[in-house]
>>> print(open('structure.txt').read())   # compact mmCIF, C-alpha atoms (C1' of nucleotides)
# COMPACT_ATOMS: atom_id res chain seq x y z
CA MET F 1 110.74 74.49 122.94
CA SER F 2 109.32 73.37 119.63
CA PRO F 3 109.61 75.68 116.63
CA ARG F 4 105.88 76.14 116.79
CA ASP F 5 106.05 77.37 120.37
CA THR F 6 109.03 79.55 119.58
CA VAL F 7 107.03 81.26 116.88
CA LEU F 8 104.08 81.79 119.22
CA GLN F 9 106.29 83.21 121.94
CA THR F 10 108.00 85.55 119.48
CA ALA F 11 104.69 86.62 118.01
CA LEU F 12 103.35 87.38 121.48
CA VAL F 13 106.25 89.68 122.22
CA LEU F 14 106.19 91.42 118.85
CA PHE F 15 102.41 91.76 118.65
CA SER F 16 102.25 93.26 122.12
CA GLN F 17 105.20 95.57 121.52
CA LYS F 18 104.43 96.85 118.04
CA GLY F 19 100.92 95.62 117.36
CA TYR F 20 99.76 92.99 114.91
CA PHE F 21 99.82 95.18 111.84
CA ASN F 22 103.21 96.67 112.55
CA THR F 23 104.67 93.19 112.87
CA SER F 24 105.61 91.57 109.58
CA MET F 25 106.09 87.88 108.97
CA ARG F 26 109.73 88.77 108.33
CA ASP F 27 109.96 90.21 111.83
CA ILE F 28 108.61 86.96 113.23
CA THR F 29 110.92 84.73 111.22
CA ARG F 30 113.93 86.91 112.00
CA GLU F 31 113.30 87.13 115.74
CA SER F 32 112.25 83.54 116.18
CA ARG F 33 115.01 82.21 113.94
CA VAL F 34 112.45 79.96 112.32
CA SER F 35 112.31 80.07 108.54
CA THR F 36 109.40 81.32 106.51
CA GLY F 37 108.69 77.84 105.23
CA SER F 38 108.49 76.38 108.71
CA VAL F 39 106.20 79.07 109.98
CA TYR F 40 103.85 78.39 107.09
CA HIS F 41 104.19 74.69 107.79
CA TYR F 42 102.77 75.15 111.30
CA PHE F 43 100.32 77.94 110.61
CA ARG F 44 98.05 78.59 107.70
CA ASP F 45 98.87 82.28 107.54
CA LYS F 46 99.67 85.28 109.68
CA GLU F 47 96.16 85.35 111.04
CA GLY F 48 96.60 81.68 111.97
CA VAL F 49 99.54 82.60 114.18
CA ALA F 50 97.50 85.21 115.99
CA ALA F 51 94.52 82.89 116.32
CA ALA F 52 96.61 80.09 117.81
CA LEU F 53 98.24 82.51 120.21
CA TYR F 54 94.94 83.96 121.28
CA GLN F 55 93.45 80.52 121.74
CA SER F 56 96.31 79.29 123.89
CA LEU F 57 96.17 82.33 126.13
CA LEU F 58 92.41 82.02 126.50
CA GLU F 59 92.81 78.38 127.52
CA ARG F 60 95.48 79.20 130.03
CA MET F 61 93.31 81.88 131.55
CA GLN F 62 90.36 79.56 131.58
CA SER F 63 92.21 76.89 133.52
CA GLU F 64 93.61 79.36 136.02
CA LEU F 65 90.16 80.78 136.65
CA GLN F 66 88.75 77.30 137.07
CA GLN F 67 91.38 76.56 139.72
CA ILE F 68 90.46 79.74 141.55
CA SER F 69 86.82 78.80 141.36
CA GLN F 70 87.57 75.46 143.00
CA GLN F 71 90.04 76.70 145.59
CA HIS F 72 87.76 79.31 147.12
CA GLU F 73 84.30 78.93 148.49
CA SER F 74 82.98 82.48 148.71
CA ALA F 75 82.49 84.72 145.73
CA GLU F 76 84.39 87.39 147.60
CA ALA F 77 87.50 85.22 147.86
CA GLN F 78 87.13 84.06 144.27
CA CYS F 79 86.83 87.51 142.77
CA ARG F 80 89.66 88.87 144.85
CA ALA F 81 91.86 85.99 143.74
CA VAL F 82 90.97 86.73 140.13
CA ILE F 83 92.10 90.33 140.45
CA SER F 84 95.26 89.22 142.20
CA LEU F 85 95.95 86.79 139.36
CA LEU F 86 95.40 89.45 136.72
CA PHE F 87 97.68 91.89 138.54
CA ASP F 88 100.39 89.25 138.86
CA ILE F 89 100.27 88.41 135.18
CA ALA F 90 100.35 92.08 134.27
CA ASP F 91 103.40 92.59 136.47
CA VAL F 92 105.35 89.51 135.44
CA GLU F 93 104.21 88.93 131.86
CA PRO F 94 102.96 92.28 130.61
CA GLU F 95 103.00 91.00 127.02
CA VAL F 96 100.29 88.50 127.91
CA MET F 97 98.05 91.16 129.40
CA THR F 98 98.76 93.54 126.56
CA PHE F 99 97.72 90.96 124.03
CA MET F 100 94.69 89.81 125.99
CA LEU F 101 93.20 93.02 127.33
CA TYR F 102 94.71 95.85 125.38
CA THR F 103 94.34 94.62 121.85
CA LYS F 104 91.46 94.99 119.43
CA HIS F 105 91.34 91.40 118.27
CA ARG F 106 88.46 92.04 115.97
CA ASP F 107 90.74 93.95 113.63
CA PHE F 108 92.78 90.88 112.77
CA LEU F 109 90.66 87.99 114.06
CA PRO F 110 87.30 88.92 112.61
CA SER F 111 85.76 85.53 113.32
CA GLU F 112 86.58 85.57 117.03
CA ARG F 113 83.97 86.59 119.53
CA PRO F 114 84.77 89.80 121.39
CA ILE F 115 86.85 89.27 124.49
CA CYS F 116 83.89 90.18 126.72
CA SER F 117 82.09 87.10 125.40
CA SER F 118 85.05 84.79 125.87
CA VAL F 119 85.04 81.91 128.32
CA PRO F 120 87.25 83.59 130.95
CA PHE F 121 85.01 86.63 131.09
CA GLU F 122 82.02 84.34 131.31
CA GLN F 123 83.69 82.53 134.22
CA MET F 124 84.15 85.83 136.02
CA ARG F 125 80.49 86.68 135.53
CA GLU F 126 79.59 83.23 136.81
CA MET F 127 81.43 84.00 140.05
CA VAL F 128 79.38 87.15 140.42
CA ARG F 129 76.19 85.25 139.69
CA ARG F 130 76.95 82.75 142.45
CA GLY F 131 77.80 85.62 144.75
CA MET F 132 74.32 87.00 144.20
CA GLN F 133 72.73 83.64 144.85
CA ARG F 134 74.70 83.28 148.08
CA GLY F 135 73.64 86.71 149.19
CA GLU F 136 77.19 88.08 149.18
CA ILE F 137 76.54 90.43 146.31
CA ARG F 138 73.56 92.70 145.93
CA GLN F 139 70.92 91.56 143.50
CA GLY F 140 71.07 93.15 140.09
CA ASP F 141 72.10 92.70 136.50
CA VAL F 142 75.08 90.34 136.48
CA LEU F 143 76.75 92.11 133.60
CA VAL F 144 76.53 95.47 135.32
CA ALA F 145 77.76 94.12 138.65
CA SER F 146 80.65 92.28 136.98
CA SER F 147 81.63 95.36 135.02
CA CYS F 148 81.71 97.44 138.19
CA LEU F 149 83.46 94.80 140.27
CA PHE F 150 86.26 94.15 137.78
CA GLY F 151 86.23 97.40 135.83
CA GLY F 152 88.45 99.27 138.26
CA SER F 153 91.07 96.55 138.18
CA ILE F 154 91.04 96.38 134.43
CA ARG F 155 91.53 100.13 134.22
CA MET F 156 94.43 99.87 136.63
CA ILE F 157 95.95 97.20 134.44
CA THR F 158 95.72 99.31 131.32
CA ALA F 159 97.18 102.23 133.26
CA ALA F 160 100.08 100.00 134.26
CA LEU F 161 100.58 98.79 130.69
CA ASP F 162 100.61 102.43 129.59
CA GLY F 163 103.46 103.08 132.00
CA LEU F 164 101.48 105.34 134.32
CA LEU F 165 102.32 103.35 137.43
CA LEU F 166 105.70 103.56 139.03
CA GLN F 167 105.23 100.57 141.30
CA PRO F 168 104.07 97.06 140.47
CA LEU F 169 100.32 96.57 140.31
CA ASN F 170 100.55 94.02 143.07
CA GLY F 171 101.00 96.78 145.62
CA PHE F 172 97.61 98.27 144.74
CA ILE F 173 95.50 95.22 145.25
CA ASP F 174 94.30 95.98 148.78
CA GLU F 175 93.19 99.48 147.88
CA VAL F 176 91.60 98.44 144.60
CA TRP F 177 89.79 95.56 146.22
CA ASP F 178 88.49 97.81 148.97
CA TYR F 179 86.85 100.07 146.40
CA SER F 180 85.67 97.28 144.14
CA TRP F 181 84.05 95.07 146.72
CA ARG F 182 82.34 97.99 148.39
CA ALA F 183 80.62 98.66 145.05
CA VAL F 184 78.81 95.35 144.90
CA ALA F 185 78.87 93.84 148.39
CA ALA F 186 75.51 93.12 149.96
CA CYS F 187 76.72 94.50 153.26
CA VAL F 188 80.00 96.16 154.13
CA ASP F 189 81.65 94.36 157.02
CA MET U 1 80.88 120.52 105.16
CA SER U 2 84.38 121.29 103.95
CA PRO U 3 86.33 118.56 102.14
CA ARG U 4 88.63 118.42 105.12
CA ASP U 5 85.77 117.69 107.49
CA THR U 6 84.25 115.21 105.07
CA VAL U 7 87.50 113.30 105.09
CA LEU U 8 87.66 113.34 108.89
CA GLN U 9 84.07 112.16 109.21
CA THR U 10 84.64 109.37 106.69
CA ALA U 11 87.86 108.35 108.39
CA LEU U 12 86.11 108.20 111.74
CA VAL U 13 83.49 105.83 110.41
CA LEU U 14 85.94 103.63 108.55
CA PHE U 15 88.55 103.54 111.30
CA SER U 16 85.97 102.56 113.88
CA GLN U 17 84.32 99.98 111.63
CA LYS U 18 87.37 98.27 110.17
CA GLY U 19 90.27 99.62 112.15
CA TYR U 20 93.03 101.97 111.03
CA PHE U 21 95.17 99.35 109.33
CA ASN U 22 92.30 97.74 107.47
CA THR U 23 91.33 101.12 106.08
CA SER U 24 93.28 102.20 103.02
CA MET U 25 93.63 105.70 101.70
CA ARG U 26 91.69 104.46 98.69
CA ASP U 27 88.81 103.52 100.99
CA ILE U 28 88.86 107.02 102.41
CA THR U 29 88.98 108.75 99.04
CA ARG U 30 86.27 106.50 97.61
CA GLU U 31 83.86 106.86 100.54
CA SER U 32 84.44 110.55 101.08
CA ARG U 33 84.39 111.30 97.35
CA VAL U 34 87.44 113.47 97.89
CA SER U 35 90.33 112.81 95.56
CA THR U 36 93.75 111.58 96.60
CA GLY U 37 95.31 114.88 95.76
CA SER U 38 92.90 116.81 97.94
CA VAL U 39 93.33 114.49 100.90
CA TYR U 40 97.09 114.96 100.69
CA HIS U 41 96.57 118.67 100.32
CA TYR U 42 94.81 118.83 103.70
CA PHE U 43 96.78 116.17 105.54
CA ARG U 44 100.43 115.30 105.47
CA ASP U 45 99.81 111.57 105.36
CA LYS U 46 97.48 108.85 106.59
CA GLU U 47 98.78 109.22 110.10
CA GLY U 48 98.01 112.93 109.82
CA VAL U 49 94.37 112.12 109.16
CA ALA U 50 94.21 109.95 112.26
CA ALA U 51 96.07 112.50 114.35
CA ALA U 52 93.74 115.34 113.33
CA LEU U 53 90.72 113.19 114.01
CA TYR U 54 92.02 112.14 117.41
CA GLN U 55 92.87 115.71 118.28
CA SER U 56 89.47 117.05 117.34
CA LEU U 57 87.69 114.39 119.37
CA LEU U 58 89.92 115.01 122.37
CA GLU U 59 89.15 118.71 122.17
CA ARG U 60 85.45 118.10 121.92
CA MET U 61 85.58 115.84 124.95
CA GLN U 62 87.68 118.34 126.81
CA SER U 63 85.19 121.14 126.28
CA GLU U 64 82.22 118.98 127.24
CA LEU U 65 83.94 117.92 130.44
CA GLN U 66 84.80 121.50 131.22
CA GLN U 67 81.15 122.45 130.87
CA ILE U 68 80.17 119.66 133.22
CA SER U 69 82.78 120.79 135.67
CA GLN U 70 81.30 124.29 135.68
CA GLN U 71 77.65 123.29 135.72
CA HIS U 72 77.85 121.09 138.79
CA GLU U 73 79.17 121.91 142.19
CA SER U 74 79.61 118.54 143.88
CA ALA U 75 82.01 115.89 142.64
CA GLU U 76 79.16 113.42 142.83
CA ALA U 77 77.06 115.38 140.36
CA GLN U 78 80.07 116.03 138.14
CA CYS U 79 81.15 112.42 137.89
CA ARG U 80 77.64 111.20 137.33
CA ALA U 81 77.20 113.72 134.55
CA VAL U 82 80.42 112.50 132.97
CA ILE U 83 79.19 108.94 132.88
CA SER U 84 75.87 110.08 131.50
CA LEU U 85 77.68 111.99 128.78
CA LEU U 86 79.85 109.00 127.87
CA PHE U 87 76.82 106.72 127.71
CA ASP U 88 74.96 109.18 125.50
CA ILE U 89 77.83 109.47 123.09
CA ALA U 90 78.23 105.69 122.98
CA ASP U 91 74.53 105.32 122.21
CA VAL U 92 74.21 108.07 119.63
CA GLU U 93 77.69 108.17 118.07
CA PRO U 94 79.22 104.76 118.69
CA GLU U 95 81.97 105.48 116.15
CA VAL U 96 83.25 108.27 118.36
CA MET U 97 83.45 106.03 121.40
CA THR U 98 84.95 103.21 119.41
CA PHE U 99 87.69 105.45 118.14
CA MET U 100 88.31 107.09 121.50
CA LEU U 101 88.08 104.23 123.96
CA TYR U 102 88.35 101.02 122.00
CA THR U 103 91.32 101.77 119.82
CA LYS U 104 94.99 101.24 120.47
CA HIS U 105 96.18 104.61 119.26
CA ARG U 106 99.78 103.85 120.04
CA ASP U 107 99.88 101.45 117.11
CA PHE U 108 99.38 104.20 114.57
CA LEU U 109 99.99 107.40 116.54
CA PRO U 110 103.25 106.50 118.24
CA SER U 111 103.95 110.05 119.33
CA GLU U 112 100.63 110.51 121.13
CA ARG U 113 100.43 110.05 124.86
CA PRO U 114 98.30 107.10 125.94
CA ILE U 115 94.64 107.93 126.31
CA CYS U 116 94.86 107.57 130.10
CA SER U 117 97.25 110.53 130.12
CA SER U 118 95.12 112.68 127.86
CA VAL U 119 93.49 115.89 129.01
CA PRO U 120 89.94 114.48 129.33
CA PHE U 121 91.13 111.65 131.57
CA GLU U 122 93.09 114.17 133.56
CA GLN U 123 89.93 116.25 133.94
CA MET U 124 88.08 113.24 135.26
CA ARG U 125 90.81 112.59 137.81
CA GLU U 126 90.67 116.23 138.79
CA MET U 127 86.99 115.87 139.64
CA VAL U 128 87.85 112.95 141.89
CA ARG U 129 90.65 114.92 143.49
CA ARG U 130 88.27 117.74 144.34
CA GLY U 131 85.78 115.21 145.64
CA MET U 132 88.40 114.01 148.09
CA GLN U 133 89.20 117.55 149.18
CA ARG U 134 85.52 118.25 149.72
CA GLY U 135 85.15 115.09 151.76
CA GLU U 136 82.72 113.51 149.34
CA ILE U 137 85.13 110.79 148.32
CA ARG U 138 87.22 108.71 150.65
CA GLN U 139 90.88 109.64 150.87
CA GLY U 140 93.21 107.54 148.78
CA ASP U 141 95.22 107.38 145.60
CA VAL U 142 93.43 109.51 143.02
CA LEU U 143 94.35 107.21 140.15
CA VAL U 144 92.98 104.16 141.95
CA ALA U 145 89.79 105.91 143.00
CA SER U 146 89.23 107.27 139.48
CA SER U 147 89.82 103.87 137.93
CA CYS U 148 87.27 102.30 140.24
CA LEU U 149 84.76 105.09 139.89
CA PHE U 150 84.80 105.17 136.10
CA GLY U 151 86.05 101.66 135.36
CA GLY U 152 82.64 100.04 135.55
CA SER U 153 81.14 102.52 133.13
CA ILE U 154 83.97 102.12 130.69
CA ARG U 155 83.55 98.37 130.75
CA MET U 156 79.85 98.80 130.11
CA ILE U 157 80.66 101.00 127.15
CA THR U 158 83.00 98.44 125.61
CA ALA U 159 80.38 95.77 126.23
CA ALA U 160 77.87 97.91 124.38
CA LEU U 161 80.29 98.53 121.51
CA ASP U 162 80.84 94.77 121.32
CA GLY U 163 77.12 94.32 120.86
CA LEU U 164 76.53 92.58 124.19
CA LEU U 165 73.79 94.95 125.26
CA LEU U 166 70.34 94.76 123.81
CA GLN U 167 69.18 98.08 125.19
CA PRO U 168 70.78 101.50 125.00
CA LEU U 169 73.43 102.20 127.61
CA ASN U 170 71.39 105.11 128.83
CA GLY U 171 69.01 102.75 130.57
CA PHE U 172 71.80 101.39 132.76
CA ILE U 173 73.02 104.61 134.20
CA ASP U 174 71.15 104.48 137.49
CA GLU U 175 72.31 100.97 138.27
CA VAL U 176 75.89 101.59 137.17
CA TRP U 177 76.07 104.80 139.13
CA ASP U 178 74.72 103.11 142.24
CA TYR U 179 77.57 100.59 142.15
CA SER U 180 80.22 103.09 141.13
CA TRP U 181 79.53 105.77 143.66
CA ARG U 182 79.23 103.25 146.49
CA ALA U 183 82.79 102.21 145.70
CA VAL U 184 84.34 105.57 146.45
CA ALA U 185 81.81 107.59 148.44
CA ALA U 186 82.92 108.78 151.85
CA CYS U 187 79.56 107.85 153.28
CA VAL U 188 76.62 106.15 151.65
CA ASP U 189 73.53 108.27 152.00
C1' DT G 1 96.67 135.70 85.36
C1' DT G 2 97.46 133.74 89.55
C1' DG G 3 97.24 130.62 93.24
C1' DA G 4 94.60 127.55 95.87
C1' DC G 5 92.39 123.41 95.06
C1' DT G 6 91.14 119.02 92.55
C1' DA G 7 92.03 115.09 90.02
C1' DG G 8 93.63 110.35 89.29
C1' DA G 9 97.35 107.87 86.87
C1' DA G 10 101.79 106.22 88.06
C1' DC G 11 105.42 104.71 91.23
C1' DG G 12 108.19 101.99 94.18
C1' DA G 13 108.58 99.88 98.60
C1' DG G 14 107.14 96.33 101.51
C1' DC G 15 103.98 92.98 102.45
C1' DG G 16 102.05 88.05 102.91
C1' DT G 17 102.56 84.05 100.64
C1' DT G 18 104.21 80.33 97.41
C1' DC G 19 107.17 76.94 95.73
C1' DG G 20 110.99 74.07 94.47
C1' DT G 21 114.42 72.17 96.97
C1' DT G 22 117.20 70.18 100.77
C1' DT G 23 117.59 68.08 105.22
C1' DT G 24 116.14 65.15 108.80
C1' DA G 25 114.11 61.29 110.90
C1' DA G 26 111.50 57.28 110.92
C1' DC G 27 110.51 52.96 109.13
C1' DC G 28 110.71 49.16 106.45
C1' DT G 29 112.92 44.74 104.40
C1' DG G 30 116.23 41.20 103.52
C1' DC M 1 122.38 45.71 110.98
C1' DA M 2 122.74 47.96 106.30
C1' DG M 3 120.48 50.06 102.59
C1' DG M 4 116.61 51.91 100.62
C1' DT M 5 112.29 54.33 100.79
C1' DT M 6 109.18 57.75 102.31
C1' DA M 7 107.13 61.50 104.49
C1' DA M 8 107.54 65.27 107.44
C1' DA M 9 109.99 69.39 108.43
C1' DA M 10 112.89 73.21 107.24
C1' DC M 11 114.58 76.53 104.11
C1' DG M 12 114.71 81.13 101.80
C1' DA M 13 114.62 83.26 97.19
C1' DA M 14 111.14 84.92 94.33
C1' DC M 15 106.43 86.48 93.18
C1' DG M 16 102.57 89.28 92.71
C1' DC M 17 99.86 92.51 94.73
C1' DT M 18 98.34 96.31 97.59
C1' DC M 19 99.53 100.12 99.88
C1' DG M 20 100.84 105.01 100.93
C1' DT M 21 102.52 108.53 98.46
C1' DT M 22 104.01 111.56 94.56
C1' DC M 23 103.49 114.01 90.43
C1' DT M 24 101.77 116.43 86.62
C1' DA M 25 97.94 118.29 84.54
C1' DG M 26 93.72 120.60 84.88
C1' DT M 27 89.95 123.69 87.09
C1' DC M 28 87.99 127.75 88.84
C1' DA M 29 87.21 131.71 91.68
C1' DA M 30 89.19 136.33 92.55
>>> encode(input="structure.txt", output="structure tokens")
Amino acid sequence: MSPRDTVLQTALVLFSQKGYFNTSMRDITRESRVSTGSVYHYFRDKEGVAAALYQSLLERMQSELQQISQQHESAEAQCRAVISLLFDIADVEPEVMTFMLYTKHRDFLPSERPICSSVPFEQMREMVRRGMQRGEIRQGDVLVASSCLFGGSIRMITAALDGLLLQPLNGFIDEVWDYSWRAVAACVD
Amino acid sequence: MSPRDTVLQTALVLFSQKGYFNTSMRDITRESRVSTGSVYHYFRDKEGVAAALYQSLLERMQSELQQISQQHESAEAQCRAVISLLFDIADVEPEVMTFMLYTKHRDFLPSERPICSSVPFEQMREMVRRGMQRGEIRQGDVLVASSCLFGGSIRMITAALDGLLLQPLNGFIDEVWDYSWRAVAACVD
DNA sequence: TTGACTAGAACGAGCGTTCGTTTTAACCTG
DNA sequence: CAGGTTAAAACGAACGCTCGTTCTAGTCAA
């Protein structure tokens, strides 16, 4: 792993554990065993580290969602796969979910668009839009339908990250999906 | 308004606008026109300001939810009133919602329980629990049902706070409620 | 006069960042 | 291949500044 990637990985862990502002550059250099000079060679400043990390995670999410979009035909299968993916990530790599969903990026990345406007969220709304066109999902405001379809899952994820769940999220997917799909489905089968 | 309350009000605005860590005690003293000495007379430290603010907002929420719980008999009416209340607050006092729902309190109030475990959230789950007992809401895990019932609304609120909505949240309540209640209702009427 | 309150200058710790230097690696050129 | 040259990468001590907090002096109602 390149020093650059080591720094990003370390920053991800520290930012998600202690938060951006409670993590000093010294913490990052100490934990990553990369010197101050090197860190500043790869990144303009502390904000640059966070921006690069955020960008890379957004891109990863984007490509995973694109795969899901291609692998499944129906919006129902797509959206369910998305929730399953999110639950898996939250179970296996909680730091990633913490940094993506449970962090107020605006506080330290003021130039970034809010996460709701990011590409991955837009991809999820696109799935809902297609579901409406195909008649799978009731007609309505796409933003509202998306919020209600994915909102329950996102709340479950934050509950899990807060330590409220004793079992892995993965075990809840059937129940969560049952509620969520019922909310927006054109007809319950 | 007492100096203490002035400080809390100022802190609420600044914390929600710029975040806790981007708000200095100097910002608070300047904006509130209360001197450093006075602020430290009323509060132990910066964290004490945030803790008092958080506490007062939790208590306010708690009492409003209790009123709702008493004013409405059915879980359906209770939960709908809760969402309506949350939307109203988000429309009229966005700083309050930003500080309550869109802030990672753990970063600066490490001793506080996560918001999901707070009394107001517990009250909301209690409404769902009663709804299950009364047969209004399908049997299931209360946490999952609550997440799915309120998750859509909470996502709509964060969308509004992010500036994604052009109209007040209040105008969305019928549509959001239609989706949300369908998710958990024992039978759709 | 007393005691709660106000005031803001002063303090020291810790932060993000800079900078001068050393090390490494790659690439010429004869 | 050997020797010389260069640029990129790595290093970490040191800097300057901002922050939260403290402290001492002053104010004013009771």
>>> closest_residue(input="structure.txt", among="G:DT23, G:DC28, G:DG12, G:DT17", to="M:DG20", atoms="all atoms listed in the file")
G:DG12
>>> interface_residues(input="structure.txt", of="chain U", to="chain G", cutoff="9 Å", atoms="all atoms listed in the file", output="list in words")
Val34, Ser35, Thr36, Gly37, Ser38 and His41 of chain U
>>> closest_residue(input="structure.txt", among="M:DG16, M:DC11, M:DA30, M:DT6", to="chain F", atoms="only C-alpha atoms (C1' of nucleotides)")
M:DC11
>>> residues_around(input="structure.txt", residues="stretch 163-167 of chain F", least_positions_apart="3", cutoff="12 Å", atoms="all atoms listed in the file", output="compact mmCIF listing (two decimals) with C-alpha atoms, keeping the file's coordinate frame")
# COMPACT_ATOMS: atom_id res chain seq x y z
CA PHE F 87 97.68 91.89 138.54
CA ALA F 90 100.35 92.08 134.27
CA ASP F 91 103.40 92.59 136.47
CA PRO F 94 102.96 92.28 130.61
CA THR F 98 98.76 93.54 126.56
CA ARG F 155 91.53 100.13 134.22
CA MET F 156 94.43 99.87 136.63
CA ILE F 157 95.95 97.20 134.44
CA THR F 158 95.72 99.31 131.32
CA ALA F 159 97.18 102.23 133.26
CA ALA F 160 100.08 100.00 134.26
CA ASN F 170 100.55 94.02 143.07
CA GLY F 171 101.00 96.78 145.62
CA PHE F 172 97.61 98.27 144.74
CA ILE F 173 95.50 95.22 145.25
CA ARG U 113 100.43 110.05 124.86
CA PRO U 114 98.30 107.10 125.94
CA ILE U 115 94.64 107.93 126.31
CA CYS U 116 94.86 107.57 130.10
CA SER U 117 97.25 110.53 130.12
CA SER U 118 95.12 112.68 127.86
CA ASP U 141 95.22 107.38 145.60
CA LEU U 143 94.35 107.21 140.15
CA VAL U 144 92.98 104.16 141.95
>>> closest_residue(input="structure.txt", among="F:Arg30, F:Arg60, F:Arg106, F:Arg129", to="chain U", atoms="all atoms listed in the file")
F:Arg106
>>> closest_atom_pairs(input="structure.txt", of="chain M", to="chain U", cutoff="10 Å", atoms="all atoms listed in the file", output="tab-separated table")
residue	atom	partner	partner_atom	distance
M:DT18	C1'	U:Ser24	CA	9.5
M:DC19	C1'	U:Ser24	CA	7.3
M:DG20	C1'	U:Met25	CA	7.3
M:DT21	C1'	U:Asp45	CA	8.0
M:DT22	C1'	U:Gly37	CA	9.4
M:DC23	C1'	U:Gly37	CA	9.8
>>> interface_residues(input="structure.txt", of="chain U", to="chain F", cutoff="6 Å", atoms="only C-alpha atoms", output="list in words")
Gly19, Asp107, Ser147, Cys148, Gly151, Gly152, Arg155, Tyr179, Ser180, Arg182 and Ala183 of chain U
>>> residues_near_point(input="structure.txt", point="(106.0, 87.9, 120.9)", cutoff="10 Å", atoms="only C-alpha atoms (C1' of nucleotides)", output="MDAnalysis selection string")
chainID F and resid 6:19 23 28 31:32 53 95:96 99
>>> write_last_selection(input="structure.txt", atoms="C-alpha atoms", output="mmCIF file, in the coordinates of the input")
data_model
loop_
_atom_site.group_PDB
_atom_site.id
_atom_site.type_symbol
_atom_site.label_atom_id
_atom_site.label_comp_id
_atom_site.auth_asym_id
_atom_site.auth_seq_id
_atom_site.Cartn_x
_atom_site.Cartn_y
_atom_site.Cartn_z
ATOM 1 C CA THR F 6 109.030 79.550 119.580
ATOM 2 C CA VAL F 7 107.030 81.260 116.880
ATOM 3 C CA LEU F 8 104.080 81.790 119.220
ATOM 4 C CA GLN F 9 106.290 83.210 121.940
ATOM 5 C CA THR F 10 108.000 85.550 119.480
ATOM 6 C CA ALA F 11 104.690 86.620 118.010
ATOM 7 C CA LEU F 12 103.350 87.380 121.480
ATOM 8 C CA VAL F 13 106.250 89.680 122.220
ATOM 9 C CA LEU F 14 106.190 91.420 118.850
ATOM 10 C CA PHE F 15 102.410 91.760 118.650
ATOM 11 C CA SER F 16 102.250 93.260 122.120
ATOM 12 C CA GLN F 17 105.200 95.570 121.520
ATOM 13 C CA LYS F 18 104.430 96.850 118.040
ATOM 14 C CA GLY F 19 100.920 95.620 117.360
ATOM 15 C CA THR F 23 104.670 93.190 112.870
ATOM 16 C CA ILE F 28 108.610 86.960 113.230
ATOM 17 C CA GLU F 31 113.300 87.130 115.740
ATOM 18 C CA SER F 32 112.250 83.540 116.180
ATOM 19 C CA LEU F 53 98.240 82.510 120.210
ATOM 20 C CA GLU F 95 103.000 91.000 127.020
ATOM 21 C CA VAL F 96 100.290 88.500 127.910
ATOM 22 C CA PHE F 99 97.720 90.960 124.030
#
>>> atom_distance(input="structure.txt", atom1="atom CA of U:Ala81", atom2="atom CA of U:Gln133")
19.3 Å
>>> atom_distance(input="structure.txt", atom1="atom CA of F:Arg130", atom2="atom CA of F:Ser84")
19.4 Å
>>> atom_distance(input="structure.txt", atom1="atom CA of U:Met124", atom2="atom CA of U:Asp174")
19.2 Å
>>> residues_around(input="structure.txt", residues="stretch 63-72 of chain U", least_positions_apart="4", cutoff="9 Å", atoms="all atoms listed in the file", output="tab-separated table (two decimals) with C-alpha atoms, in the frame of the given file")
chain	number	residue	atom	x	y	z
U	58	LEU	CA	89.92	115.01	122.37
U	59	GLU	CA	89.15	118.71	122.17
U	76	GLU	CA	79.16	113.42	142.83
U	77	ALA	CA	77.06	115.38	140.36
U	78	GLN	CA	80.07	116.03	138.14
U	79	CYS	CA	81.15	112.42	137.89
U	81	ALA	CA	77.20	113.72	134.55
U	82	VAL	CA	80.42	112.50	132.97
U	85	LEU	CA	77.68	111.99	128.78
U	120	PRO	CA	89.94	114.48	129.33
U	123	GLN	CA	89.93	116.25	133.94
U	124	MET	CA	88.08	113.24	135.26
U	127	MET	CA	86.99	115.87	139.64
